[in-house]
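> I have a structure here, written as structure tokens, and I will follow up with some questions on it.
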Amino acid sequence: MKIYEATQADEVVPALIIGNLGNADLGPEVSTELEMGFEASMLDGRMSIDFTKYDQTTRDALIGVQEAPSFGTEEATLRNLGETTNKGYEAILNVSPVRSDFLDWNVNFSYSSNESEITDLGPLQNAGGNLQLGFPIGVEYDPVVMNPTAVGQAEDTELAVLGVVFPQEIIALGTRMTFSQALTLDVLFESQVGHSRTIGIGWATARRETWPHCFGIQNEFNANGRTNLTPNQVVTCVPGKIDWGAWTQDADFIKLRSASLSYRLPDDLIPGTRSVSLSLQGKNLWQTTDYQGLDPEATDRGLDRGEYAFEYYNMAPPRILILNMQVNF
């Protein structure tokens, strides 16, 4: 069954295009998983540990297959072709260093890892592209400059995996402190490592000679060619020679996910109420990363199997401030 999408052509003329050819033989994926772990509590409940290890295999995995252009669409069609594996660890540690009438302090730490691999591609086994046997799910597969710092030389490139879409490790650290059962401070940090993003808007604007960081390189190339430039500078900034892979970077980051301060007013302060509390919460307030794009989590597309992630004309996750008052009668 074909799926059609509405679009518009020049001068805002409405039209219908083929969004997807559909697949009448499409079936469900079948997954089997072995999971083991343990839970433990000690020191009168002041410390608890939750650990899990998992190993999952998915057969008849759904893979998007690019159709011939003569079918009238560039969209891939899902087929049950592959086999993938996912394995990793999940661990949670909770500790309460102080429990008293004046201070109740809790610290929590979590860690998760994920390692995915494509183990079977059926008839696509030797098709090339971003889906390849033995690769992780969702990879960026592009030319890499092998002589990036050789001044004045032409670039020597080879195809290579530049990174994966999904973080290989996620680490979170949070703490909550409550003073005199009234004032509470809650903070959560999170780090994601082992994945990549492509700065699509940088790639596009550099090709149009409107990316500020490339102005000096482009002026030098227009004046003296590649004589004083490295191959890496050329494939990053010179129109006609710009390589998509040159704009793919590690997207590791640490973020302050949320921070909140709340205060519970004395119960008898406002007549007719059982309790009143005020809170101020902030989200996405701070981050540190070497990624040079808009945001290491920004993406212009969904992260389906076989897709790689890049930012283009999209927004970064916003910083949010929430002021709240809760009244119980």
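Each chain of the structure tokens is named A, B, ... in the order shown, its residues numbered from 1; ligands are numbered from 1 in display order.
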Would you list the contacts of Pro239 of chain A as a list in words, taking every protein, DNA or RNA residue within 12 Å and counting only C-alpha atoms, but skipping same-chain residues closer than 3 positions in sequence?

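Residues near the query, excluding close chain neighbours: Trp203, Ala204, Thr205, Ala206, Arg207, Arg208, Glu209, Thr210, Trp211, Cys214, Phe215, Ile217, Gln218, Asn219, Phe221, Asn222, Gln233, Val234, Val235, Thr236, Ile242, Asp243 and Trp244 of chain A.
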
> Keeping only C-alpha atoms, take the residues you just selected and write them out as a PDB file, in the first residue's frame.


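Dumped everything to again-v8.pdb:
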ATOM      1  CA  TRP A 203      28.382  22.186   6.074  1.00  0.00           C
ATOM      2  CA  ALA A 204      25.590  23.972   4.167  1.00  0.00           C
ATOM      3  CA  THR A 205      26.592  27.536   5.021  1.00  0.00           C
ATOM      4  CA  ALA A 206      30.302  26.893   4.420  1.00  0.00           C
ATOM      5  CA  ARG A 207      29.399  25.776   0.890  1.00  0.00           C
ATOM      6  CA  ARG A 208      27.591  29.119   0.463  1.00  0.00           C
ATOM      7  CA  GLU A 209      30.594  30.975   1.950  1.00  0.00           C
ATOM      8  CA  THR A 210      28.504  32.319   4.832  1.00  0.00           C
ATOM      9  CA  TRP A 211      29.991  30.341   7.771  1.00  0.00           C
ATOM     10  CA  CYS A 214      35.601  29.610   7.304  1.00  0.00           C
ATOM     11  CA  PHE A 215      36.044  33.172   6.016  1.00  0.00           C
ATOM     12  CA  ILE A 217      40.399  29.866   4.944  1.00  0.00           C
ATOM     13  CA  GLN A 218      38.221  30.735   1.963  1.00  0.00           C
ATOM     14  CA  ASN A 219      40.009  34.063   1.459  1.00  0.00           C
ATOM     15  CA  PHE A 221      42.252  29.662  -0.943  1.00  0.00           C
ATOM     16  CA  ASN A 222      40.897  32.310  -3.324  1.00  0.00           C
ATOM     17  CA  GLN A 233      41.049  22.999   6.164  1.00  0.00           C
ATOM     18  CA  VAL A 234      40.233  22.534   2.473  1.00  0.00           C
ATOM     19  CA  VAL A 235      37.633  19.764   2.919  1.00  0.00           C
ATOM     20  CA  THR A 236      36.061  21.686   5.800  1.00  0.00           C
ATOM     21  CA  ILE A 242      33.795  20.355   1.273  1.00  0.00           C
ATOM     22  CA  ASP A 243      33.318  16.860   2.682  1.00  0.00           C
ATOM     23  CA  TRP A 244      30.268  15.951   4.793  1.00  0.00           C
TER      24      TRP A 244
END

> Which residues are near segment 106-117 of chain A? Cut-off 6 Å, only C-alpha atoms, ignore same chain within fewer than 3 positions. Put them as a list in words.

Thr84, Thr85, Asn86, Lys87, Gly88, Tyr89, Glu90, Ala91, Ile92, Leu93, Asn94, Val95, Ser96, Gly134, Phe135, Pro136, Ile137, Gln168, Glu169, Ile170, Ile171, Ala172, Leu173, Gly174, Thr175 and Arg176 of chain A

> Output C-alpha atoms of each residue in that selection to a file, as an mmCIF file, in the first residue's frame.


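Output file part.cif is given in full below:
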data_model
loop_
_atom_site.group_PDB
_atom_site.id
_atom_site.type_symbol
_atom_site.label_atom_id
_atom_site.label_comp_id
_atom_site.auth_asym_id
_atom_site.auth_seq_id
_atom_site.Cartn_x
_atom_site.Cartn_y
_atom_site.Cartn_z
ATOM 1 C CA THR A 84 21.040 -7.273 15.279
ATOM 2 C CA THR A 85 22.406 -7.698 18.788
ATOM 3 C CA ASN A 86 22.304 -5.354 21.765
ATOM 4 C CA LYS A 87 24.139 -5.924 25.013
ATOM 5 C CA GLY A 88 25.184 -3.834 27.924
ATOM 6 C CA TYR A 89 24.956 -3.037 31.624
ATOM 7 C CA GLU A 90 22.759 -0.916 33.870
ATOM 8 C CA ALA A 91 23.695 0.005 37.427
ATOM 9 C CA ILE A 92 22.075 2.265 40.026
ATOM 10 C CA LEU A 93 23.605 3.241 43.369
ATOM 11 C CA ASN A 94 21.706 5.170 46.062
ATOM 12 C CA VAL A 95 23.402 6.439 49.209
ATOM 13 C CA SER A 96 22.030 8.454 52.146
ATOM 14 C CA GLY A 134 29.748 -6.009 12.009
ATOM 15 C CA PHE A 135 29.021 -2.279 12.341
ATOM 16 C CA PRO A 136 27.051 -0.771 15.211
ATOM 17 C CA ILE A 137 23.453 0.280 14.516
ATOM 18 C CA GLN A 168 27.602 4.067 24.186
ATOM 19 C CA GLU A 169 27.607 5.158 27.837
ATOM 20 C CA ILE A 170 25.249 7.314 29.915
ATOM 21 C CA ILE A 171 26.264 8.461 33.385
ATOM 22 C CA ALA A 172 24.038 10.405 35.778
ATOM 23 C CA LEU A 173 24.777 11.902 39.185
ATOM 24 C CA GLY A 174 22.135 13.508 41.346
ATOM 25 C CA THR A 175 21.760 14.738 44.890
ATOM 26 C CA ARG A 176 18.891 15.918 47.074
#

> Where does DSSP see strand (DSSP E or B) in segment 103-248 of chain A, if you list the residues as a PyMOL selection string?

chain A and resi 103-120+139-145+157-164+169-179+183-193+196-199+248

> Could you take the residues named above and write them with C-alpha atoms, as a PDB file, in the first residue's frame?


ATOM      1  CA  LEU A 103      19.379  17.410  57.173  1.00  0.00           C
ATOM      2  CA  ASP A 104      18.251  14.538  54.976  1.00  0.00           C
ATOM      3  CA  TRP A 105      20.849  14.044  52.226  1.00  0.00           C
ATOM      4  CA  ASN A 106      20.569  11.531  49.385  1.00  0.00           C
ATOM      5  CA  VAL A 107      23.033  10.866  46.528  1.00  0.00           C
ATOM      6  CA  ASN A 108      22.223   8.704  43.502  1.00  0.00           C
ATOM      7  CA  PHE A 109      24.477   7.485  40.703  1.00  0.00           C
ATOM      8  CA  SER A 110      23.499   5.568  37.570  1.00  0.00           C
ATOM      9  CA  TYR A 111      25.502   4.074  34.721  1.00  0.00           C
ATOM     10  CA  SER A 112      24.366   2.331  31.557  1.00  0.00           C
ATOM     11  CA  SER A 113      26.243   1.030  28.527  1.00  0.00           C
ATOM     12  CA  ASN A 114      25.041  -0.273  25.195  1.00  0.00           C
ATOM     13  CA  GLU A 115      26.919  -2.103  22.464  1.00  0.00           C
ATOM     14  CA  SER A 116      24.991  -2.866  19.284  1.00  0.00           C
ATOM     15  CA  GLU A 117      26.058  -4.780  16.201  1.00  0.00           C
ATOM     16  CA  ILE A 118      24.556  -5.765  12.849  1.00  0.00           C
ATOM     17  CA  THR A 119      25.144  -9.522  12.487  1.00  0.00           C
ATOM     18  CA  ASP A 120      23.097 -10.278   9.355  1.00  0.00           C
ATOM     19  CA  VAL A 139      26.758   4.735  12.007  1.00  0.00           C
ATOM     20  CA  GLU A 140      28.229   7.697  10.170  1.00  0.00           C
ATOM     21  CA  TYR A 141      30.299   6.209   7.307  1.00  0.00           C
ATOM     22  CA  ASP A 142      32.163   8.818   5.243  1.00  0.00           C
ATOM     23  CA  PRO A 143      35.579   9.687   3.765  1.00  0.00           C
ATOM     24  CA  VAL A 144      38.290  10.531   6.293  1.00  0.00           C
ATOM     25  CA  VAL A 145      41.337  12.659   5.439  1.00  0.00           C
ATOM     26  CA  THR A 157      40.841  10.116   1.832  1.00  0.00           C
ATOM     27  CA  GLU A 158      39.551   6.692   2.858  1.00  0.00           C
ATOM     28  CA  LEU A 159      36.065   5.549   3.848  1.00  0.00           C
ATOM     29  CA  ALA A 160      35.750   4.915   7.570  1.00  0.00           C
ATOM     30  CA  VAL A 161      33.231   4.814  10.405  1.00  0.00           C
ATOM     31  CA  LEU A 162      33.291   8.262  12.005  1.00  0.00           C
ATOM     32  CA  GLY A 163      30.989   7.458  14.878  1.00  0.00           C
ATOM     33  CA  VAL A 164      27.663   6.055  15.996  1.00  0.00           C
ATOM     34  CA  GLU A 169      27.607   5.158  27.837  1.00  0.00           C
ATOM     35  CA  ILE A 170      25.249   7.314  29.915  1.00  0.00           C
ATOM     36  CA  ILE A 171      26.264   8.461  33.385  1.00  0.00           C
ATOM     37  CA  ALA A 172      24.038  10.405  35.778  1.00  0.00           C
ATOM     38  CA  LEU A 173      24.777  11.902  39.185  1.00  0.00           C
ATOM     39  CA  GLY A 174      22.135  13.508  41.346  1.00  0.00           C
ATOM     40  CA  THR A 175      21.760  14.738  44.890  1.00  0.00           C
ATOM     41  CA  ARG A 176      18.891  15.918  47.074  1.00  0.00           C
ATOM     42  CA  MET A 177      19.245  17.762  50.366  1.00  0.00           C
ATOM     43  CA  THR A 178      16.312  18.659  52.595  1.00  0.00           C
ATOM     44  CA  PHE A 179      16.863  21.043  55.499  1.00  0.00           C
ATOM     45  CA  LEU A 183      13.851  23.579  52.208  1.00  0.00           C
ATOM     46  CA  THR A 184      14.887  21.108  49.464  1.00  0.00           C
ATOM     47  CA  LEU A 185      17.685  21.393  46.889  1.00  0.00           C
ATOM     48  CA  ASP A 186      17.619  18.871  44.030  1.00  0.00           C
ATOM     49  CA  VAL A 187      20.333  18.707  41.331  1.00  0.00           C
ATOM     50  CA  LEU A 188      20.894  16.251  38.449  1.00  0.00           C
ATOM     51  CA  PHE A 189      23.918  16.041  36.126  1.00  0.00           C
ATOM     52  CA  GLU A 190      24.122  13.727  33.107  1.00  0.00           C
ATOM     53  CA  SER A 191      26.925  12.761  30.740  1.00  0.00           C
ATOM     54  CA  GLN A 192      26.617  10.927  27.417  1.00  0.00           C
ATOM     55  CA  VAL A 193      29.720   9.637  25.622  1.00  0.00           C
ATOM     56  CA  SER A 196      28.726  11.646  17.121  1.00  0.00           C
ATOM     57  CA  ARG A 197      26.756  14.380  15.364  1.00  0.00           C
ATOM     58  CA  THR A 198      27.219  16.099  12.005  1.00  0.00           C
ATOM     59  CA  ILE A 199      26.984  19.901  11.905  1.00  0.00           C
ATOM     60  CA  THR A 248      31.118  15.105  11.876  1.00  0.00           C
TER      61      THR A 248
END

> Using only C-alpha atoms, which of A:Ile270, A:Ile63, A:Ile18, A:Ile254 sits nearest Leu121 of chain A?

A:Ile63

> Please extract the residues of segment 45-290 of chain A with a backbone DSSP assignment of helix (DSSP H, G or I) and present them as a PyMOL selection string.

chain A and resi 69-71+122-124+200-207+212-224+231-237+244-247

> If we count only C-alpha atoms and set the cut-off at 7 Å, which residues sit around Gly152 of chain A, ignoring sequence neighbours fewer than 3 positions away in its own chain? Please answer as a short mmCIF file (atom, residue, chain, number, x, y, z; two decimals) with C-alpha atoms, in the first residue's frame.


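The resulting file, out27.cif, is shown below:
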data_model
loop_
_atom_site.label_atom_id
_atom_site.label_comp_id
_atom_site.auth_asym_id
_atom_site.auth_seq_id
_atom_site.Cartn_x
_atom_site.Cartn_y
_atom_site.Cartn_z
CA ARG A 226 45.88 25.28 -1.25
CA THR A 227 49.55 26.34 -0.96
CA ASN A 228 49.28 27.44 2.68
CA LEU A 229 46.32 25.30 3.71
CA THR A 230 46.06 21.80 5.13
#

> Which residues are close to Glu155 of chain A, i.e. within 8 Å by only C-alpha atoms, leaving aside same-chain residues fewer than 5 positions away? Reply as a compact mmCIF listing (two decimals) with N, CA and C atoms, in the first residue's frame.


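See result_24.txt below for the written result:
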# COMPACT_ATOMS: atom_id res chain seq x y z
N VAL A 145 40.06 12.16 5.96
CA VAL A 145 41.34 12.66 5.44
C VAL A 145 42.48 11.98 6.19
N MET A 146 43.34 11.28 5.46
CA MET A 146 44.44 10.54 6.07
C MET A 146 45.69 11.40 6.28
N ASN A 147 45.77 12.54 5.60
CA ASN A 147 46.92 13.45 5.76
C ASN A 147 46.42 14.85 6.15
N PRO A 148 45.73 14.98 7.28
CA PRO A 148 45.02 16.22 7.60
C PRO A 148 45.93 17.45 7.77
N PRO A 231 45.00 19.85 4.11
CA PRO A 231 43.85 19.15 3.51
C PRO A 231 42.60 19.21 4.38
N ASN A 232 42.77 19.18 5.70
CA ASN A 232 41.62 19.24 6.58
C ASN A 232 40.89 20.59 6.47
N VAL A 235 38.87 20.55 2.98
CA VAL A 235 37.63 19.76 2.92
C VAL A 235 36.60 20.26 3.91

> What is the distance, in Å and to one decimal place, between atom CA of Leu278 of chain A and atom CA of Pro266 of chain A?

11.6 Å

> Can you work out the spacing between atom CA of Ser48 of chain A and atom CA of Ser100 of chain A in Å, to one decimal?

18.9 Å

> I'd like the neighbourhood of Leu265 of chain A as a ChimeraX atom specification, where a residue qualifies if any of its atoms comes within 8 Å (using only C-alpha atoms), though same-chain residues fewer than 5 positions away should be ignored.

/A:182,275-278

> Mind dumping the selected residues with N, CA and C atoms as a CSV table (one decimal), in the first residue's frame?


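And here is the file that came out, part-v1.csv:
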chain,number,residue,atom,x,y,z
A,182,ALA,N,11.8,21.3,55.3
A,182,ALA,CA,11.1,22.4,54.6
A,182,ALA,C,11.8,22.8,53.3
A,275,SER,N,-1.2,22.5,53.4
A,275,SER,CA,0.2,22.7,53.2
A,275,SER,C,0.3,23.6,51.9
A,276,VAL,N,1.4,24.4,51.9
A,276,VAL,CA,1.7,25.3,50.8
A,276,VAL,C,3.2,25.2,50.5
A,277,SER,N,3.6,25.0,49.3
A,277,SER,CA,5.0,24.9,48.9
A,277,SER,C,5.3,25.7,47.7
A,278,LEU,N,6.4,26.3,47.6
A,278,LEU,CA,6.9,27.1,46.5
A,278,LEU,C,8.1,26.4,45.9
